[in-house]
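Peer 1: One structure, as structure tokens, below. Some questions next.
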Amino acid sequence: MDAINMHPSIKCLHEPFNPENEDTQYHAITSRKELVQALGEIYACYDGIKHVFDPGGWPFDNGSRLNIDLLTCGPRVVLMRRQNVLRRLVSLEICRQTNAYTIFKLWPIIRGKKFRFDPLDKDAIRIGLEDDMSWHTRVNEELESKGIPRFEVTYERLFDPDVDNKARMAAINEVFRFLDKPELRTERLPIGGIHQVLSPAHKVLNKEVYDAIPAIEEIEMEFGSDSTGWLFRQ
């Protein structure tokens, strides 16, 4: 979202339906009618929104299909998906244990080395791997059935520390072209805040953190693969 908002003709709103986002008023949406009304108000001021959802229904009620409704309410969708699903799910379990879901809250907890991890929830990781595959398929099928153009960019193309600025710039410009916006023709990476977070000095989760989790090797052995990703292998 930060990268997209660097474009002079794009204004994207941060997670308006996230109950932890105190800057918006759309935390009690329970029906498609209310969702459409909220989007009408949002799109009067913004060109798009960033939205994160869980297969269980969050940020809407548990079991709600409003996340699917939201996907099919707009003219086009940019999807971001992490290729290394296992690392994403381990990160999620770390967030659940620390109750810190942003880098700014998680960083001091991890860096302070005062937190003692419990073994990770294997059932949650197993279900998460199954959900990731099924929901990726469902999202694409729903968009395809409605004829809604979609563009998928992997998390790693933007956030992997080994990716250089030129490659990140190329990925961002692919998104701009999909959105029918002119490319940003500059060698300066248009995601300064994200680039700062991704610097080696600011990286939060690494092998040292993984090693502090009891029985983390069991997670690698049981769930790691070339298709789901690895924790320690490159």
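Order determines the names: the first chain of the structure tokens is A, the second B, and so forth; residues in each chain are numbered 1 upward, and ligands are numbered 1 upward as they are shown.
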Can you pull out every residue from segment 123-224 of chain A that DSSP, working from the backbone, puts in strand (DSSP E), and format the result as a list in words?

Peer 2: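 DSSP-assigned strand (DSSP E) residues in segment 123-224 of chain A: Arg150, Phe151, Glu152, Val153 and Thr154 of chain A.
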
Peer 1: Using only N, CA, C and O atoms, please write the residues we just selected to a file, as a PDB file, in the first residue's frame.

Peer 2:
ATOM      1  N   ARG A 150      -7.457  -9.382 -12.364  1.00  0.00           N
ATOM      2  CA  ARG A 150      -6.641  -9.530 -11.158  1.00  0.00           C
ATOM      3  C   ARG A 150      -5.184  -9.608 -11.558  1.00  0.00           C
ATOM      4  O   ARG A 150      -4.844 -10.061 -12.644  1.00  0.00           O
ATOM      5  N   PHE A 151      -4.351  -9.143 -10.658  1.00  0.00           N
ATOM      6  CA  PHE A 151      -2.906  -9.217 -10.861  1.00  0.00           C
ATOM      7  C   PHE A 151      -2.284  -9.702  -9.560  1.00  0.00           C
ATOM      8  O   PHE A 151      -2.570  -9.155  -8.497  1.00  0.00           O
ATOM      9  N   GLU A 152      -1.459 -10.730  -9.649  1.00  0.00           N
ATOM     10  CA  GLU A 152      -0.856 -11.289  -8.438  1.00  0.00           C
ATOM     11  C   GLU A 152       0.630 -10.979  -8.400  1.00  0.00           C
ATOM     12  O   GLU A 152       1.345 -11.215  -9.376  1.00  0.00           O
ATOM     13  N   VAL A 153       1.073 -10.438  -7.295  1.00  0.00           N
ATOM     14  CA  VAL A 153       2.487 -10.184  -7.070  1.00  0.00           C
ATOM     15  C   VAL A 153       2.870 -10.880  -5.767  1.00  0.00           C
ATOM     16  O   VAL A 153       2.169 -10.763  -4.771  1.00  0.00           O
ATOM     17  N   THR A 154       3.944 -11.639  -5.800  1.00  0.00           N
ATOM     18  CA  THR A 154       4.322 -12.381  -4.597  1.00  0.00           C
ATOM     19  C   THR A 154       5.016 -11.467  -3.600  1.00  0.00           C
ATOM     20  O   THR A 154       5.707 -10.507  -3.962  1.00  0.00           O
TER      21      THR A 154
END

Peer 1: Counting only C-alpha atoms, what is within 10 Å of Ile216 of chain A, bar same-chain residues fewer than 3 positions away, as a PyMOL selection string?

Peer 2: chain A and resi 90+119-120+210-213+219-221+231

Peer 1: I need the residues from that last selection saved to file as a PDB file, in the first residue's frame (with N, CA and C atoms), if you can.

Peer 2:
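The result, stored in again_1.pdb:
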ATOM      1  N   VAL A  90       4.277 -19.431  10.522  1.00  0.00           N
ATOM      2  CA  VAL A  90       5.091 -19.351  11.733  1.00  0.00           C
ATOM      3  C   VAL A  90       5.099 -17.922  12.267  1.00  0.00           C
ATOM      4  N   PRO A 119       5.914 -24.022  22.378  1.00  0.00           N
ATOM      5  CA  PRO A 119       5.932 -24.718  21.082  1.00  0.00           C
ATOM      6  C   PRO A 119       4.796 -24.209  20.195  1.00  0.00           C
ATOM      7  N   LEU A 120       5.032 -24.150  18.910  1.00  0.00           N
ATOM      8  CA  LEU A 120       4.009 -23.649  18.003  1.00  0.00           C
ATOM      9  C   LEU A 120       2.872 -24.652  17.863  1.00  0.00           C
ATOM     10  N   TYR A 210      13.859 -17.989  15.272  1.00  0.00           N
ATOM     11  CA  TYR A 210      13.350 -19.353  15.080  1.00  0.00           C
ATOM     12  C   TYR A 210      13.988 -20.323  16.084  1.00  0.00           C
ATOM     13  N   ASP A 211      15.294 -20.182  16.307  1.00  0.00           N
ATOM     14  CA  ASP A 211      15.998 -21.094  17.214  1.00  0.00           C
ATOM     15  C   ASP A 211      15.522 -20.959  18.657  1.00  0.00           C
ATOM     16  N   ALA A 212      14.894 -19.839  18.990  1.00  0.00           N
ATOM     17  CA  ALA A 212      14.396 -19.634  20.347  1.00  0.00           C
ATOM     18  C   ALA A 212      13.041 -20.295  20.584  1.00  0.00           C
ATOM     19  N   ILE A 213      12.455 -20.856  19.524  1.00  0.00           N
ATOM     20  CA  ILE A 213      11.142 -21.494  19.635  1.00  0.00           C
ATOM     21  C   ILE A 213      11.337 -22.982  19.899  1.00  0.00           C
ATOM     22  N   ILE A 219       8.757 -28.532  13.305  1.00  0.00           N
ATOM     23  CA  ILE A 219       7.902 -27.808  12.364  1.00  0.00           C
ATOM     24  C   ILE A 219       8.508 -27.873  10.971  1.00  0.00           C
ATOM     25  N   GLU A 220       9.817 -27.673  10.897  1.00  0.00           N
ATOM     26  CA  GLU A 220      10.506 -27.737   9.609  1.00  0.00           C
ATOM     27  C   GLU A 220      10.383 -29.122   8.982  1.00  0.00           C
ATOM     28  N   MET A 221      10.610 -30.155   9.795  1.00  0.00           N
ATOM     29  CA  MET A 221      10.593 -31.523   9.272  1.00  0.00           C
ATOM     30  C   MET A 221       9.194 -31.952   8.849  1.00  0.00           C
ATOM     31  N   LEU A 231      11.818 -23.117   6.609  1.00  0.00           N
ATOM     32  CA  LEU A 231      12.198 -22.109   7.586  1.00  0.00           C
ATOM     33  C   LEU A 231      13.684 -21.801   7.533  1.00  0.00           C
TER      34      LEU A 231
END

Peer 1: Can you tell me, as a PyMOL selection string, what residues are no more than 12 Å from Gly74 of chain A when counting only C-alpha atoms, ignoring any on the same chain fewer than 4 positions away?

Peer 2: chain A and resi 35-36+39-40+42-43+47-49+68-70+78+143+146-150

Peer 1: Which residues are close to Val209 of chain A, i.e. within 10 Å by only C-alpha atoms, leaving aside same-chain residues fewer than 2 positions away? Reply as a PDB file with all heavy atoms, in the first residue's frame.

Peer 2:
ATOM      1  N   ILE A  94       3.829 -16.634  15.936  1.00  0.00           N
ATOM      2  CA  ILE A  94       4.640 -15.768  16.791  1.00  0.00           C
ATOM      3  C   ILE A  94       3.833 -14.541  17.210  1.00  0.00           C
ATOM      4  O   ILE A  94       3.858 -14.122  18.370  1.00  0.00           O
ATOM      5  CB  ILE A  94       5.929 -15.355  16.056  1.00  0.00           C
ATOM      6  CG1 ILE A  94       6.875 -16.556  15.946  1.00  0.00           C
ATOM      7  CG2 ILE A  94       6.621 -14.190  16.768  1.00  0.00           C
ATOM      8  CD1 ILE A  94       8.098 -16.296  15.093  1.00  0.00           C
ATOM      9  N   ILE A 110      10.728  -9.029  20.553  1.00  0.00           N
ATOM     10  CA  ILE A 110      11.690 -10.020  20.080  1.00  0.00           C
ATOM     11  C   ILE A 110      13.121  -9.592  20.373  1.00  0.00           C
ATOM     12  O   ILE A 110      13.937 -10.370  20.863  1.00  0.00           O
ATOM     13  CB  ILE A 110      11.518 -10.252  18.563  1.00  0.00           C
ATOM     14  CG1 ILE A 110      10.107 -10.774  18.258  1.00  0.00           C
ATOM     15  CG2 ILE A 110      12.559 -11.231  18.052  1.00  0.00           C
ATOM     16  CD1 ILE A 110       9.786 -12.092  18.918  1.00  0.00           C
ATOM     17  N   ARG A 111      13.432  -8.319  20.096  1.00  0.00           N
ATOM     18  CA  ARG A 111      14.786  -7.837  20.297  1.00  0.00           C
ATOM     19  C   ARG A 111      15.161  -7.803  21.776  1.00  0.00           C
ATOM     20  O   ARG A 111      16.330  -7.948  22.133  1.00  0.00           O
ATOM     21  CB  ARG A 111      14.952  -6.443  19.681  1.00  0.00           C
ATOM     22  CG  ARG A 111      14.943  -6.438  18.159  1.00  0.00           C
ATOM     23  CD  ARG A 111      16.079  -7.263  17.605  1.00  0.00           C
ATOM     24  NE  ARG A 111      16.168  -7.148  16.148  1.00  0.00           N
ATOM     25  CZ  ARG A 111      16.892  -7.948  15.388  1.00  0.00           C
ATOM     26  NH1 ARG A 111      17.567  -8.930  15.934  1.00  0.00           N
ATOM     27  NH2 ARG A 111      16.936  -7.785  14.081  1.00  0.00           N
ATOM     28  N   LYS A 113      14.515  -9.967  23.905  1.00  0.00           N
ATOM     29  CA  LYS A 113      14.839 -11.340  24.321  1.00  0.00           C
ATOM     30  C   LYS A 113      14.245 -11.674  25.693  1.00  0.00           C
ATOM     31  O   LYS A 113      14.801 -12.484  26.439  1.00  0.00           O
ATOM     32  CB  LYS A 113      16.355 -11.557  24.328  1.00  0.00           C
ATOM     33  CG  LYS A 113      17.026 -11.297  22.975  1.00  0.00           C
ATOM     34  CD  LYS A 113      18.498 -11.613  23.034  1.00  0.00           C
ATOM     35  CE  LYS A 113      19.204 -11.211  21.740  1.00  0.00           C
ATOM     36  NZ  LYS A 113      18.662 -11.883  20.559  1.00  0.00           N
ATOM     37  N   PHE A 117       9.013 -18.379  24.238  1.00  0.00           N
ATOM     38  CA  PHE A 117       8.034 -18.980  23.344  1.00  0.00           C
ATOM     39  C   PHE A 117       7.576 -20.335  23.854  1.00  0.00           C
ATOM     40  O   PHE A 117       8.354 -21.102  24.439  1.00  0.00           O
ATOM     41  CB  PHE A 117       8.630 -19.172  21.950  1.00  0.00           C
ATOM     42  CG  PHE A 117       8.813 -17.895  21.190  1.00  0.00           C
ATOM     43  CD1 PHE A 117      10.070 -17.324  21.064  1.00  0.00           C
ATOM     44  CD2 PHE A 117       7.729 -17.266  20.597  1.00  0.00           C
ATOM     45  CE1 PHE A 117      10.244 -16.153  20.358  1.00  0.00           C
ATOM     46  CE2 PHE A 117       7.901 -16.102  19.893  1.00  0.00           C
ATOM     47  CZ  PHE A 117       9.164 -15.534  19.769  1.00  0.00           C
ATOM     48  N   VAL A 204      13.076  -8.447  11.724  1.00  0.00           N
ATOM     49  CA  VAL A 204      12.603  -8.934  13.020  1.00  0.00           C
ATOM     50  C   VAL A 204      12.772 -10.440  13.152  1.00  0.00           C
ATOM     51  O   VAL A 204      13.396 -10.928  14.089  1.00  0.00           O
ATOM     52  CB  VAL A 204      11.120  -8.546  13.233  1.00  0.00           C
ATOM     53  CG1 VAL A 204      10.602  -9.143  14.533  1.00  0.00           C
ATOM     54  CG2 VAL A 204      10.985  -7.035  13.261  1.00  0.00           C
ATOM     55  N   LEU A 205      12.210 -11.188  12.224  1.00  0.00           N
ATOM     56  CA  LEU A 205      12.227 -12.645  12.340  1.00  0.00           C
ATOM     57  C   LEU A 205      13.354 -13.231  11.508  1.00  0.00           C
ATOM     58  O   LEU A 205      13.413 -13.031  10.301  1.00  0.00           O
ATOM     59  CB  LEU A 205      10.880 -13.215  11.893  1.00  0.00           C
ATOM     60  CG  LEU A 205       9.666 -12.711  12.679  1.00  0.00           C
ATOM     61  CD1 LEU A 205       8.396 -13.377  12.176  1.00  0.00           C
ATOM     62  CD2 LEU A 205       9.836 -12.954  14.166  1.00  0.00           C
ATOM     63  N   ASN A 206      14.234 -13.950  12.163  1.00  0.00           N
ATOM     64  CA  ASN A 206      15.373 -14.555  11.489  1.00  0.00           C
ATOM     65  C   ASN A 206      15.686 -15.889  12.163  1.00  0.00           C
ATOM     66  O   ASN A 206      14.943 -16.360  13.027  1.00  0.00           O
ATOM     67  CB  ASN A 206      16.583 -13.612  11.525  1.00  0.00           C
ATOM     68  CG  ASN A 206      16.888 -13.143  12.948  1.00  0.00           C
ATOM     69  OD1 ASN A 206      16.558 -13.829  13.913  1.00  0.00           O
ATOM     70  ND2 ASN A 206      17.505 -11.986  13.062  1.00  0.00           N
ATOM     71  N   LYS A 207      16.779 -16.495  11.785  1.00  0.00           N
ATOM     72  CA  LYS A 207      17.137 -17.813  12.328  1.00  0.00           C
ATOM     73  C   LYS A 207      17.303 -17.764  13.842  1.00  0.00           C
ATOM     74  O   LYS A 207      16.942 -18.712  14.548  1.00  0.00           O
ATOM     75  CB  LYS A 207      18.422 -18.326  11.679  1.00  0.00           C
ATOM     76  CG  LYS A 207      18.790 -19.752  12.088  1.00  0.00           C
ATOM     77  CD  LYS A 207      20.037 -20.227  11.369  1.00  0.00           C
ATOM     78  CE  LYS A 207      20.320 -21.700  11.701  1.00  0.00           C
ATOM     79  NZ  LYS A 207      20.532 -21.919  13.147  1.00  0.00           N
ATOM     80  N   ASP A 211      15.294 -20.182  16.307  1.00  0.00           N
ATOM     81  CA  ASP A 211      15.998 -21.094  17.214  1.00  0.00           C
ATOM     82  C   ASP A 211      15.522 -20.959  18.657  1.00  0.00           C
ATOM     83  O   ASP A 211      15.735 -21.860  19.472  1.00  0.00           O
ATOM     84  CB  ASP A 211      17.506 -20.843  17.151  1.00  0.00           C
ATOM     85  CG  ASP A 211      18.138 -21.379  15.873  1.00  0.00           C
ATOM     86  OD1 ASP A 211      17.519 -22.260  15.237  1.00  0.00           O
ATOM     87  OD2 ASP A 211      19.238 -20.922  15.506  1.00  0.00           O
ATOM     88  N   ALA A 212      14.894 -19.839  18.990  1.00  0.00           N
ATOM     89  CA  ALA A 212      14.396 -19.634  20.347  1.00  0.00           C
ATOM     90  C   ALA A 212      13.041 -20.295  20.584  1.00  0.00           C
ATOM     91  O   ALA A 212      12.534 -20.311  21.704  1.00  0.00           O
ATOM     92  CB  ALA A 212      14.297 -18.134  20.642  1.00  0.00           C
ATOM     93  N   ILE A 213      12.455 -20.856  19.524  1.00  0.00           N
ATOM     94  CA  ILE A 213      11.142 -21.494  19.635  1.00  0.00           C
ATOM     95  C   ILE A 213      11.337 -22.982  19.899  1.00  0.00           C
ATOM     96  O   ILE A 213      12.028 -23.664  19.136  1.00  0.00           O
ATOM     97  CB  ILE A 213      10.331 -21.290  18.343  1.00  0.00           C
ATOM     98  CG1 ILE A 213      10.142 -19.795  18.072  1.00  0.00           C
ATOM     99  CG2 ILE A 213       8.981 -21.995  18.437  1.00  0.00           C
ATOM    100  CD1 ILE A 213       9.508 -19.500  16.734  1.00  0.00           C
TER     101      ILE A 213
END

Peer 1: Excluding Tyr155 of chain A and residues on its chain fewer than 5 positions from it, collect all residues at most 8 Å away from it, counting only C-alpha atoms, and give them as a ChimeraX atom specification.

Peer 2: /A:80-83,160
